[in-house]
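To start, the structure itself, in structure tokens.
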Amino acid sequence: MKFTQMLTKRFKDTPADCQIASHIFMIRGGYMKNVGNGIYSLFPVTKRITAKIENIIRDEMNKIDGQEVLFPVVMPASLWRESGRYDSIANELVRFHDRSGNDMVLGMTHEEAAVQLARETAESYQQYPFMIYQIQTKFRDEPRARGGLIRVREFTMKDAYSFHTTKEDLEEYYMRCHKAYERIFARCGVPEVISVASDSGMMGGKVAHEFMLCTPVGEDSLVVCSECDFRANMETADCTFDKLEGEAEALTKVATPEMKTIEEVANFLGKDMDRLLKAVAYQREDDDSIVIVFIRGDLEVNEVKLRNYLKSEIHPALDLDAYDVCAGFIGPKGLTNKVKVVFDSSVLTSESFVCGANEEGYHFTGLNIKRDLGDVQTVDVAKAVEGGICPVCGKHALTLTRGIEVGNIFQLGDKYTASMGMKYIDQNGVMQTPIMGCYGIGVGRLAASVCEAHHDDYGPIWPMSIAPWQVQLCALRADQAEVREFADEIYRKLQDAGVEVIYDDRAVSAGVMFSDADLTGVPLRVVVSPKGLKNGTVEISKRDKSMMEKIEKDQAFDFIMNTVKDMIKECEDYAK
RNA sequence: CGGGGUGUAGCGCAGUUCGGUAGCGCACGUGCUUUGGGAGCAUGGGGUCGCAGGUUCAAAUCCUGUCGCCCCGACCA
């Protein structure tokens, strides 16, 4: 590809809307153009990168016996009614009507389509297990797209669906897919991607993992143990807390006028926050009832865990007066029975708590849960904390970090096969319901994540395996015949040898050419210049600055070929 | 959906307080000079100032409404 022929445009100024590195470089470097909120067109540079990522994914999916298929983007609502998701998913699912007035949806994921395709085809146990996958456009009407390709509404995704006759078989295949994912991310140049246990959300199922690239700009909070291999999304991480010292005290009502927040109460009574019992009020979405969570004052409620426990969507409670709840002075003793109460496990870590007295201007001190409330049921609904206790190894070794979710895998079980009536005949001639796993990777997000992980102040540093081109050939002073001729010759020879070359043949200054090359991020750079040719050399360097050589012009071609081969091999070795 | 910010040329911005008919830098076209880290001079093209009403002799500027975009939160395979 010659630069002069390529559709591209670069900017010196950082666009005002961009916040994170990958977004900035991908806009400044002419990788993509915003079309609408969370909707982008991709320029040729980006399409070349995503095509390479797709091919790596395709190769690994085929290696675990995947069969590539293609599901439709637009589906009739009836298909989504079968699984129940037409009604259970809120606004992320785009609904519209066709000309006949039929309800239609835009595909945001394809479990329904996968079951629809397979259910009348895989009739016998002999056809199991099998996995089908596609690489295709999804549309999700996200409440908030952000960060360039990190979170968009329309995006390309590889989604795979496996079907099994036994749980053991699903688990075994799930592990194979887990390993395939590790190879995919390593081959794409981000071997640092880790898998964490995760919440299964709207997908359903029990066991799920997310593949995370750890970076401060990530959208998810992760809990990682520095002593063992426990790693979980904050949403699902189990929590235990040390018992605090101190004896039970007598239950005493004290005046705490105007003290509504736990900070105010703690300061007023001279107590640490962990000696208070905090009340957090939520309203259930299914029956509108109020749920009050009691949790130790220094901790926070993990709303995902609470939601899973309650088996209902929840939102912060607004109007507590209507339920005879005295906001600011809520406590478990003497609380109205118009609300449901949930005790976090942390309420058992102290013998003596300060809590609200359910009376304006009063708190109790010396509340002992067991003595004053009897045997209450507790449940773990707290957020993990930095330095907290690892639920696996028991050491105080939890660290909190942020991550971008680049892929995920789920053991779905029979959620879709059962609801959509998929059956097969087993060895004994009995009809059975198969079980499923599903496995996703966001292609564009992965590209942006690689950029996020590998860049310097001047632009992305693409790994050889997914770089838009393998070599960037810069002809400085391309207006001089000697330069032009030699650069043309190298370009031709590299192309003939099957090397992917972007040839900057513009008559621009060295500064412009190098800056644009930095933004393009091609791993190997070849500079042909009058100065070099005068000494009979060309300059060959790596984008990551780990190499800078002046090579005799007669040996340049061989040197480039060998270096490209070495760099490709390096990528492959990385993945082993 | 809540909070904050912001819409003026492809990009970055000034002009809005105090109404007078739109400007700067980059980018783009042309010519000459220049050439190893975002060159110089000259010259040219490009904007219904987000949109719709209203006030006024006159609106980018004032008023009302509305939409888009960005950030934080909520939400989210």
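Identifiers in this document derive from the order of the structure tokens: chains are assigned A, B, ..., residues are numbered from 1 separately in each chain, and ligands are numbered from 1 in order of occurrence.
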Compile the residues of chain A that lie within 8 Å of chain B, evaluated using only C-alpha atoms (C1' of nucleotides), and express the compilation as a list in words.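 Output check: Phe11, Lys12, Asp13, Thr14, Pro15, Ala16, Asp17, Asn37, Thr109, Glu142, Pro143, Ser200, Gly201, Met202, Met203, Asn408, Gly440, Leu476, Arg477, Ser509, Ala510, Gly511, Val512, Phe514 and Ser515 of chain A.
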C-alpha atoms of the current selection, written as an mmCIF file, in the first residue's frame:
data_model
loop_
_atom_site.group_PDB
_atom_site.id
_atom_site.type_symbol
_atom_site.label_atom_id
_atom_site.label_comp_id
_atom_site.auth_asym_id
_atom_site.auth_seq_id
_atom_site.Cartn_x
_atom_site.Cartn_y
_atom_site.Cartn_z
ATOM 1 C CA PHE A 11 -4.523 15.252 13.398
ATOM 2 C CA LYS A 12 -1.880 16.951 15.439
ATOM 3 C CA ASP A 13 -4.349 18.180 18.031
ATOM 4 C CA THR A 14 -6.004 15.846 20.487
ATOM 5 C CA PRO A 15 -9.756 15.918 19.901
ATOM 6 C CA ALA A 16 -11.507 17.487 22.868
ATOM 7 C CA ASP A 17 -13.801 14.495 23.334
ATOM 8 C CA ASN A 37 -23.074 7.881 19.681
ATOM 9 C CA THR A 109 -26.205 -11.742 21.190
ATOM 10 C CA GLU A 142 -25.801 0.847 25.642
ATOM 11 C CA PRO A 143 -26.860 3.540 28.079
ATOM 12 C CA SER A 200 -23.368 -14.256 34.636
ATOM 13 C CA GLY A 201 -25.777 -11.318 34.404
ATOM 14 C CA MET A 202 -28.486 -11.483 31.791
ATOM 15 C CA MET A 203 -26.880 -14.492 30.114
ATOM 16 C CA ASN A 408 -15.979 -13.955 28.441
ATOM 17 C CA GLY A 440 -17.573 -14.147 23.363
ATOM 18 C CA LEU A 476 12.733 10.724 2.983
ATOM 19 C CA ARG A 477 13.104 13.124 0.076
ATOM 20 C CA SER A 509 9.209 16.607 5.827
ATOM 21 C CA ALA A 510 10.889 13.992 7.989
ATOM 22 C CA GLY A 511 8.994 15.205 11.036
ATOM 23 C CA VAL A 512 5.613 14.659 9.453
ATOM 24 C CA PHE A 514 7.977 10.000 11.367
ATOM 25 C CA SER A 515 5.057 11.323 13.393
#
Find the residues near B:G23: any atom within 12 Å, counting only C-alpha atoms (C1' of nucleotides), skip ones fewer than 5 places away on the same chain, and give them as a list of chain:residue names.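 The residues satisfying every condition are B:U8, B:A9, B:C13, B:A14, B:G15, B:G47, B:C49, B:A60.
Ranking A:Met567, A:Gln480, A:Met548, A:Leu170 by their shortest atom-to-atom distance to A:Ser529, with only C-alpha atoms included, puts A:Gln480 first.
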Tell me, which residues of stretch 182-396 of chain A carry DSSP strand (DSSP E or B), written as a count of residues only? 67
Tell me, as a ChimeraX atom specification, which residues lie within 7 Å of stretch 362-366 of chain A, counting only C-alpha atoms (C1' of nucleotides); anything in the same chain fewer than 5 positions away does not count. /A:248-257,329,352-357
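Shortest separation to A:Val379 among A:Thr156, A:Ser345, A:Thr166, A:Gln67 occurs at residue A:Ser345, atoms counted being only C-alpha atoms.
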Report, in Å to a single decimal, how far apart atom CA of A:Ala397 and atom CA of A:Asp229 are.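 Pair atom CA of A:Asp229 / atom CA of A:Ala397 returns 11.0 Å.
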Env of A:Glu570: 12 Å cut, atoms = only C-alpha atoms (C1' of nucleotides), seq-sep filter 3 positions within chain, self excluded. Answer as a PDB file with all heavy atoms, in the first residue's frame.
ATOM      1  N   ALA A 186      -2.715 -14.088  23.904  1.00  0.00           N
ATOM      2  CA  ALA A 186      -1.254 -14.086  23.797  1.00  0.00           C
ATOM      3  C   ALA A 186      -0.831 -13.828  22.352  1.00  0.00           C
ATOM      4  O   ALA A 186       0.069 -13.027  22.097  1.00  0.00           O
ATOM      5  CB  ALA A 186      -0.693 -15.422  24.287  1.00  0.00           C
ATOM      6  N   ARG A 187      -1.488 -14.470  21.415  1.00  0.00           N
ATOM      7  CA  ARG A 187      -1.126 -14.278  20.006  1.00  0.00           C
ATOM      8  C   ARG A 187      -1.418 -12.863  19.538  1.00  0.00           C
ATOM      9  O   ARG A 187      -0.789 -12.362  18.609  1.00  0.00           O
ATOM     10  CB  ARG A 187      -1.876 -15.286  19.128  1.00  0.00           C
ATOM     11  CG  ARG A 187      -1.350 -16.706  19.258  1.00  0.00           C
ATOM     12  CD  ARG A 187      -2.155 -17.684  18.441  1.00  0.00           C
ATOM     13  NE  ARG A 187      -2.046 -17.424  16.998  1.00  0.00           N
ATOM     14  CZ  ARG A 187      -2.695 -18.143  16.074  1.00  0.00           C
ATOM     15  NH1 ARG A 187      -3.475 -19.145  16.434  1.00  0.00           N
ATOM     16  NH2 ARG A 187      -2.558 -17.852  14.788  1.00  0.00           N
ATOM     17  N   CYS A 188      -2.396 -12.219  20.149  1.00  0.00           N
ATOM     18  CA  CYS A 188      -2.705 -10.833  19.785  1.00  0.00           C
ATOM     19  C   CYS A 188      -1.772  -9.854  20.491  1.00  0.00           C
ATOM     20  O   CYS A 188      -1.908  -8.632  20.334  1.00  0.00           O
ATOM     21  CB  CYS A 188      -4.159 -10.490  20.115  1.00  0.00           C
ATOM     22  SG  CYS A 188      -5.326 -11.296  19.008  1.00  0.00           S
ATOM     23  N   GLY A 189      -0.848 -10.373  21.269  1.00  0.00           N
ATOM     24  CA  GLY A 189       0.148  -9.502  21.881  1.00  0.00           C
ATOM     25  C   GLY A 189      -0.191  -9.023  23.276  1.00  0.00           C
ATOM     26  O   GLY A 189       0.472  -8.136  23.810  1.00  0.00           O
ATOM     27  N   PRO A 463       1.688  -5.158  17.982  1.00  0.00           N
ATOM     28  CA  PRO A 463       2.462  -6.394  17.885  1.00  0.00           C
ATOM     29  C   PRO A 463       2.458  -6.865  16.422  1.00  0.00           C
ATOM     30  O   PRO A 463       1.499  -6.610  15.697  1.00  0.00           O
ATOM     31  CB  PRO A 463       1.682  -7.381  18.761  1.00  0.00           C
ATOM     32  CG  PRO A 463       0.747  -6.554  19.581  1.00  0.00           C
ATOM     33  CD  PRO A 463       0.482  -5.305  18.815  1.00  0.00           C
ATOM     34  N   MET A 464       3.525  -7.518  16.009  1.00  0.00           N
ATOM     35  CA  MET A 464       3.644  -7.971  14.619  1.00  0.00           C
ATOM     36  C   MET A 464       2.435  -8.800  14.190  1.00  0.00           C
ATOM     37  O   MET A 464       1.987  -8.731  13.054  1.00  0.00           O
ATOM     38  CB  MET A 464       4.938  -8.782  14.462  1.00  0.00           C
ATOM     39  CG  MET A 464       5.263  -9.194  13.044  1.00  0.00           C
ATOM     40  SD  MET A 464       5.415  -7.801  11.892  1.00  0.00           S
ATOM     41  CE  MET A 464       7.172  -7.402  11.997  1.00  0.00           C
ATOM     42  N   SER A 465       1.867  -9.565  15.130  1.00  0.00           N
ATOM     43  CA  SER A 465       0.786 -10.488  14.771  1.00  0.00           C
ATOM     44  C   SER A 465      -0.497  -9.802  14.318  1.00  0.00           C
ATOM     45  O   SER A 465      -1.272 -10.368  13.553  1.00  0.00           O
ATOM     46  CB  SER A 465       0.472 -11.394  15.967  1.00  0.00           C
ATOM     47  OG  SER A 465       0.148 -10.601  17.090  1.00  0.00           O
ATOM     48  N   THR A 563      14.319 -10.095   9.860  1.00  0.00           N
ATOM     49  CA  THR A 563      13.771  -9.464  11.059  1.00  0.00           C
ATOM     50  C   THR A 563      12.268  -9.696  11.159  1.00  0.00           C
ATOM     51  O   THR A 563      11.734  -9.995  12.229  1.00  0.00           O
ATOM     52  CB  THR A 563      14.060  -7.946  11.053  1.00  0.00           C
ATOM     53  OG1 THR A 563      15.444  -7.746  10.792  1.00  0.00           O
ATOM     54  CG2 THR A 563      13.698  -7.327  12.395  1.00  0.00           C
ATOM     55  N   VAL A 564      11.571  -9.562  10.029  1.00  0.00           N
ATOM     56  CA  VAL A 564      10.122  -9.804  10.034  1.00  0.00           C
ATOM     57  C   VAL A 564       9.840 -11.236  10.477  1.00  0.00           C
ATOM     58  O   VAL A 564       8.980 -11.478  11.334  1.00  0.00           O
ATOM     59  CB  VAL A 564       9.506  -9.538   8.643  1.00  0.00           C
ATOM     60  CG1 VAL A 564       8.073 -10.058   8.578  1.00  0.00           C
ATOM     61  CG2 VAL A 564       9.544  -8.051   8.318  1.00  0.00           C
ATOM     62  N   LYS A 565      10.609 -12.167   9.911  1.00  0.00           N
ATOM     63  CA  LYS A 565      10.409 -13.576  10.288  1.00  0.00           C
ATOM     64  C   LYS A 565      10.632 -13.779  11.784  1.00  0.00           C
ATOM     65  O   LYS A 565       9.844 -14.462  12.449  1.00  0.00           O
ATOM     66  CB  LYS A 565      11.371 -14.470   9.499  1.00  0.00           C
ATOM     67  CG  LYS A 565      10.824 -14.888   8.149  1.00  0.00           C
ATOM     68  CD  LYS A 565      11.793 -15.829   7.415  1.00  0.00           C
ATOM     69  CE  LYS A 565      11.496 -15.833   5.930  1.00  0.00           C
ATOM     70  NZ  LYS A 565      12.703 -15.993   5.104  1.00  0.00           N
ATOM     71  N   ASP A 566      11.702 -13.178  12.284  1.00  0.00           N
ATOM     72  CA  ASP A 566      11.999 -13.314  13.717  1.00  0.00           C
ATOM     73  C   ASP A 566      10.865 -12.738  14.563  1.00  0.00           C
ATOM     74  O   ASP A 566      10.478 -13.320  15.577  1.00  0.00           O
ATOM     75  CB  ASP A 566      13.306 -12.578  14.067  1.00  0.00           C
ATOM     76  CG  ASP A 566      14.523 -13.314  13.538  1.00  0.00           C
ATOM     77  OD1 ASP A 566      14.373 -14.475  13.111  1.00  0.00           O
ATOM     78  OD2 ASP A 566      15.621 -12.724  13.546  1.00  0.00           O
ATOM     79  N   MET A 567      10.343 -11.587  14.138  1.00  0.00           N
ATOM     80  CA  MET A 567       9.296 -10.941  14.936  1.00  0.00           C
ATOM     81  C   MET A 567       7.995 -11.734  14.890  1.00  0.00           C
ATOM     82  O   MET A 567       7.252 -11.787  15.876  1.00  0.00           O
ATOM     83  CB  MET A 567       9.084  -9.492  14.465  1.00  0.00           C
ATOM     84  CG  MET A 567      10.272  -8.595  14.811  1.00  0.00           C
ATOM     85  SD  MET A 567      10.141  -6.929  14.114  1.00  0.00           S
ATOM     86  CE  MET A 567       9.106  -6.105  15.334  1.00  0.00           C
ATOM     87  N   ASP A 573       5.828 -17.677  19.511  1.00  0.00           N
ATOM     88  CA  ASP A 573       6.419 -18.299  20.696  1.00  0.00           C
ATOM     89  C   ASP A 573       5.737 -17.800  21.966  1.00  0.00           C
ATOM     90  O   ASP A 573       5.545 -18.544  22.922  1.00  0.00           O
ATOM     91  CB  ASP A 573       7.921 -17.996  20.774  1.00  0.00           C
ATOM     92  CG  ASP A 573       8.688 -18.754  19.695  1.00  0.00           C
ATOM     93  OD1 ASP A 573       8.081 -19.639  19.073  1.00  0.00           O
ATOM     94  OD2 ASP A 573       9.869 -18.451  19.480  1.00  0.00           O
ATOM     95  N   TYR A 574       5.406 -16.534  21.932  1.00  0.00           N
ATOM     96  CA  TYR A 574       4.750 -15.920  23.070  1.00  0.00           C
ATOM     97  C   TYR A 574       3.487 -16.670  23.450  1.00  0.00           C
ATOM     98  O   TYR A 574       3.101 -16.762  24.602  1.00  0.00           O
ATOM     99  CB  TYR A 574       4.380 -14.489  22.689  1.00  0.00           C
ATOM    100  CG  TYR A 574       4.677 -13.463  23.735  1.00  0.00           C
ATOM    101  CD1 TYR A 574       5.469 -13.780  24.842  1.00  0.00           C
ATOM    102  CD2 TYR A 574       4.177 -12.171  23.628  1.00  0.00           C
ATOM    103  CE1 TYR A 574       5.755 -12.822  25.783  1.00  0.00           C
ATOM    104  CE2 TYR A 574       4.467 -11.216  24.562  1.00  0.00           C
ATOM    105  CZ  TYR A 574       5.259 -11.539  25.644  1.00  0.00           C
ATOM    106  OH  TYR A 574       5.537 -10.593  26.578  1.00  0.00           O
ATOM    107  N   ALA A 575       2.833 -17.211  22.433  1.00  0.00           N
ATOM    108  CA  ALA A 575       1.519 -17.822  22.639  1.00  0.00           C
ATOM    109  C   ALA A 575       1.616 -19.262  23.112  1.00  0.00           C
ATOM    110  O   ALA A 575       0.612 -19.888  23.407  1.00  0.00           O
ATOM    111  CB  ALA A 575       0.724 -17.751  21.347  1.00  0.00           C
ATOM    112  N   LYS A 576       2.833 -19.814  23.149  1.00  0.00           N
ATOM    113  CA  LYS A 576       2.939 -21.235  23.509  1.00  0.00           C
ATOM    114  C   LYS A 576       2.978 -21.452  25.012  1.00  0.00           C
ATOM    115  O   LYS A 576       3.245 -20.553  25.765  1.00  0.00           O
ATOM    116  CB  LYS A 576       4.176 -21.833  22.849  1.00  0.00           C
ATOM    117  CG  LYS A 576       3.866 -22.159  21.387  1.00  0.00           C
ATOM    118  CD  LYS A 576       5.092 -22.651  20.631  1.00  0.00           C
ATOM    119  CE  LYS A 576       4.742 -22.773  19.144  1.00  0.00           C
ATOM    120  NZ  LYS A 576       5.946 -22.760  18.308  1.00  0.00           N
TER     121      LYS A 576
END
Mind giving me the straight-line distance from atom CA of A:Pro44 to atom CA of A:Pro468 in Å, one decimal?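 Result for atom CA of A:Pro44 versus atom CA of A:Pro468: 8.6 Å, one decimal.
With atom CA of A:Gly403 on one side and atom CA of A:Leu149 on the other, the separation reads 15.0 Å.
Neighbours of B:C51 closer than or equal to 12 Å, with only C-alpha atoms (C1' of nucleotides) counted and sequence neighbours fewer than 5 positions away skipped, come out as G7, G65, U66, C67 and G68 of chain B.
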As a ChimeraX atom specification, please: the residues near A:His23 (cut-off 8 Å, only C-alpha atoms (C1' of nucleotides), same-chain neighbours under 3 positions excluded). /A:18-20,26-27,147-149,448
Just write the chosen residues, C-alpha atoms, as a PDB file, in the first residue's frame.
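File produced: selection.pdb:
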ATOM      1  CA  CYS A  18     -11.100  11.867  23.723  1.00  0.00           C
ATOM      2  CA  GLN A  19      -9.958  10.829  27.182  1.00  0.00           C
ATOM      3  CA  ILE A  20      -7.995   7.605  26.961  1.00  0.00           C
ATOM      4  CA  MET A  26      -7.229   5.950  16.981  1.00  0.00           C
ATOM      5  CA  ILE A  27      -8.862   9.292  16.219  1.00  0.00           C
ATOM      6  CA  GLY A 147     -13.696   5.469  25.267  1.00  0.00           C
ATOM      7  CA  GLY A 148     -13.666   5.078  21.484  1.00  0.00           C
ATOM      8  CA  LEU A 149     -13.804   1.384  20.623  1.00  0.00           C
ATOM      9  CA  ALA A 448      -8.316  -0.865  21.322  1.00  0.00           C
TER      10      ALA A 448
END
